[in-house]
Amino acid sequence: MVWSMSSSPSPRASWTRTLAGALLLAASLQALAAAPENSSAQALRATHQRMSDKLDHSSFGRPVQLDSMETPDGLQGDVYAVVEHPLSAISATLKGSAHWCGVLTLHINNRRCRTASGPQGSEMLTLYVVRRYDKPIDQAFELPFVYRVTNATPEYMSVELMAESGPLGTSNYRVTLQAVALDERKSFLHFSYSYDHNAMVRLGTMAYLATFGSDKVGFTVVGKTPEGQPEYIRGLRGLVERNAMRYFLTLDAYLAAPGPDQAERRQRRWFAAVEQYPRQLHEVDLDTYLALKREDRQRDGAAR
C-alpha cells in the first residue's frame, strides 16, 4: 500500500511537471526564433573586429572601409562604417519606406520617389532615376523596389530593398543595410549595393568607361602614378564604388538630420560629404544641386 501510494504521482505533482515542460518548450522555441538574429548580430560584430585595423587607419579620414567586386552577373559595392549614432536612433530613423525615399533622393540622379502598398501587405518604393543630373524628370527610368525590415532587435537591424527589373538590360537591384550596436552611442553599419547586367550592357559600359568616361576612378588604390600619387581603380569596379559611396553618404546625411523639415540641411550635408572626394564624386556646384532638389520638392509638393 505504501509502495502503491509513492509510485502514483499526485495531481499537483503532475500539474507541476506539465507546467515545467511547457515553460521549457516555450523557452526552447523562443531561443530558436532568436537564433538567426543573434547569429546575424554576432557575424556583423565579428566583421567589425576583423576590420578594426583597416577602420582605424582608413584613408577616408573616418572609420570607413569600401570594397567592390565584379560578380558572375554584375557588380557589387560594400561600405562598412562606424557611425556616431545609437542603434535605437538608426532603427527609428530608417524604418519605413517613406524614410528611405528621403534617403535615396539625396543622390543627385534620383529625382522622385513614391511609396505604395504591394502584394500581401508588402511595402513598395519606386525610384525615378535620370542618367545625368541635368536630364528632365520625364526621361527618368523607374526602379520599383520591394522594401522590408528583415530583422529588428535592440542589438541588430537589417533592411533590404529589392528590384527584379531595371532599365537597359539591368536587373536584380539589391540595397541592404545591416547595423549592430557597439555601445550606447556608436553603431557599426554594413551597406551593400548591387545589380546584374547582361553581356551587351557590360560591353557598352566598358566601352564608355574606356573612352568618354576614362577620367572616372573609384577609391581602391591599385598602385602609384609616375609622380608618386595614388593610382585608383577604374572601369566597372570604379563605377560601382562611386555609386556605393554616394548612397552610403545619403544614409549618413539623413541620420544626421532626420526631421521632416530638414530636407535642405540633409542635402547640404550630403553635398559637403561628396565634395570631400572630388576626384571620384564631384559633378556640380552646390547651388546647382540645391536648385535641382528644390525643383523636385516643388514639383511633387512634398518636403522630403
# chains A, B, ... in the order shown; residues from 1 in each chain; ligands from 1

$ residues_around --residues "segment 261-266 of chain A" --least-positions-apart "3" --cutoff "8 Å" --atoms "only C-alpha atoms" --output "PyMOL selection string"
chain A and resi 106+253-254+256-258+269-270+290+303-304

$ write_last_selection --atoms "C-alpha atoms" --output "PDB file, in the first residue's frame"
ATOM      1  CA  LEU A 106      19.575  62.881 -51.761  1.00  0.00           C
ATOM      2  CA  ALA A 253      23.394  62.663 -44.138  1.00  0.00           C
ATOM      3  CA  TYR A 254      19.856  61.504 -43.397  1.00  0.00           C
ATOM      4  CA  ALA A 256      22.451  63.406 -39.096  1.00  0.00           C
ATOM      5  CA  ALA A 257      19.255  65.366 -39.870  1.00  0.00           C
ATOM      6  CA  PRO A 258      16.246  63.016 -39.702  1.00  0.00           C
ATOM      7  CA  ARG A 269      25.390  67.644 -45.562  1.00  0.00           C
ATOM      8  CA  TRP A 270      25.315  65.122 -48.421  1.00  0.00           C
ATOM      9  CA  LEU A 290      20.183  72.620 -54.298  1.00  0.00           C
ATOM     10  CA  ALA A 303       9.354  68.499 -48.372  1.00  0.00           C
ATOM     11  CA  ARG A 304      11.318  65.263 -48.236  1.00  0.00           C
TER      12      ARG A 304
END

$ select_by_dssp --residues "segment 91-202 of chain A" --states "alpha helix (DSSP H)" --output "list in words"
Ser91, Ala92, Thr93, Leu94, Ser97, Ala98, His99, Trp100, Cys101, Gly102, Val103, Leu104, Ala199, Met200, Val201 and Arg202 of chain A

$ closest_residue --among "A:Gly235, A:Arg112, A:Ser68, A:Arg132" --to "Met206 of chain A" --atoms "only C-alpha atoms"
A:Gly235

$ residues_around --residues "Ala92 of chain A" --least-positions-apart "4" --cutoff "10 Å" --atoms "only C-alpha atoms" --output "number ranges by chain"
A: 87-88, 96, 99, 255, 258

$ write_last_selection --atoms "N, CA and C atoms" --output "short mmCIF file (atom, residue, chain, number, x, y, z; two decimals), in the first residue's frame"
data_model
loop_
_atom_site.label_atom_id
_atom_site.label_comp_id
_atom_site.auth_asym_id
_atom_site.auth_seq_id
_atom_site.Cartn_x
_atom_site.Cartn_y
_atom_site.Cartn_z
N LEU A 87 22.02 52.59 -32.06
CA LEU A 87 21.20 51.75 -32.92
C LEU A 87 19.72 52.10 -32.81
N SER A 88 19.27 52.49 -31.62
CA SER A 88 17.86 52.84 -31.45
C SER A 88 17.48 54.01 -32.36
N GLY A 96 10.67 52.13 -42.41
CA GLY A 96 9.58 52.70 -43.20
C GLY A 96 10.06 53.13 -44.56
N HIS A 99 10.75 56.91 -45.26
CA HIS A 99 12.05 57.43 -44.83
C HIS A 99 13.13 57.12 -45.86
N LEU A 255 20.75 60.38 -41.43
CA LEU A 255 20.83 60.08 -40.00
C LEU A 255 21.21 61.31 -39.20
N PRO A 258 17.38 63.87 -39.34
CA PRO A 258 16.25 63.02 -39.70
C PRO A 258 14.88 63.70 -39.73
#

$ select_by_dssp --residues "segment 198-260 of chain A" --states "strand (DSSP E or B)" --output "PDB file with C-alpha atoms, in the first residue's frame"
ATOM      1  CA  VAL A 221      44.287  52.176 -54.710  1.00  0.00           C
ATOM      2  CA  VAL A 222      45.886  49.792 -57.208  1.00  0.00           C
ATOM      3  CA  GLY A 223      49.326  51.393 -57.466  1.00  0.00           C
ATOM      4  CA  LYS A 224      51.119  54.707 -57.892  1.00  0.00           C
ATOM      5  CA  PRO A 230      47.795  57.056 -55.758  1.00  0.00           C
ATOM      6  CA  GLU A 231      46.541  55.226 -58.845  1.00  0.00           C
ATOM      7  CA  TYR A 232      42.845  54.481 -58.358  1.00  0.00           C
TER       8      TYR A 232
END

$ decode --residues "segment 52-109 of chain A" --atoms "C-alpha atoms" --output "tab-separated table (two decimals), in the first residue's frame"
chain	number	residue	atom	x	y	z
A	52	SER	CA	39.14	47.15	-36.84
A	53	ASP	CA	42.69	47.89	-38.02
A	54	LYS	CA	41.54	48.98	-41.51
A	55	LEU	CA	38.81	51.14	-39.97
A	56	ASP	CA	41.28	52.77	-37.57
A	57	HIS	CA	43.66	53.62	-40.44
A	58	SER	CA	41.11	54.37	-43.14
A	59	SER	CA	42.11	56.65	-46.00
A	60	PHE	CA	38.62	58.22	-45.83
A	61	GLY	CA	39.54	60.22	-42.73
A	62	ARG	CA	36.92	58.34	-40.69
A	63	PRO	CA	36.28	54.68	-39.84
A	64	VAL	CA	35.01	53.61	-43.27
A	65	GLN	CA	36.02	50.69	-45.49
A	66	LEU	CA	34.86	50.31	-49.10
A	67	ASP	CA	35.05	47.02	-51.03
A	68	SER	CA	33.91	46.18	-54.55
A	69	MET	CA	33.71	43.18	-56.82
A	70	GLU	CA	32.55	42.00	-60.18
A	71	THR	CA	30.05	39.23	-59.54
A	72	PRO	CA	29.31	36.48	-62.11
A	73	ASP	CA	26.36	38.52	-63.40
A	74	GLY	CA	27.02	42.11	-62.35
A	75	LEU	CA	28.59	44.43	-59.77
A	76	GLN	CA	28.57	44.86	-56.01
A	77	GLY	CA	29.86	47.56	-53.68
A	78	ASP	CA	30.05	47.26	-49.88
A	79	VAL	CA	30.65	50.03	-47.37
A	80	TYR	CA	31.46	49.31	-43.71
A	81	ALA	CA	31.49	52.14	-41.20
A	82	VAL	CA	31.39	53.03	-37.53
A	83	VAL	CA	28.92	55.88	-37.00
A	84	GLU	CA	28.19	58.12	-34.03
A	85	HIS	CA	24.54	57.12	-33.80
A	86	PRO	CA	22.96	54.69	-31.33
A	87	LEU	CA	21.20	51.75	-32.92
A	88	SER	CA	17.86	52.84	-31.45
A	89	ALA	CA	18.10	56.14	-33.37
A	90	ILE	CA	19.12	54.37	-36.59
A	91	SER	CA	16.20	51.95	-36.31
A	92	ALA	CA	13.70	54.72	-35.61
A	93	THR	CA	15.01	56.85	-38.47
A	94	LEU	CA	15.29	54.18	-41.17
A	95	LYS	CA	12.22	52.05	-40.58
A	96	GLY	CA	9.58	52.70	-43.20
A	97	SER	CA	9.73	53.06	-46.96
A	98	ALA	CA	8.86	56.78	-46.78
A	99	HIS	CA	12.05	57.43	-44.83
A	100	TRP	CA	14.05	55.57	-47.45
A	101	CYS	CA	12.57	57.81	-50.12
A	102	GLY	CA	14.06	60.70	-48.18
A	103	VAL	CA	17.40	58.91	-48.03
A	104	LEU	CA	17.64	57.86	-51.67
A	105	THR	CA	16.52	61.15	-53.21
A	106	LEU	CA	19.58	62.88	-51.76
A	107	HIS	CA	21.52	61.20	-54.58
A	108	ILE	CA	21.84	63.76	-57.38
A	109	ASN	CA	20.43	61.43	-60.08
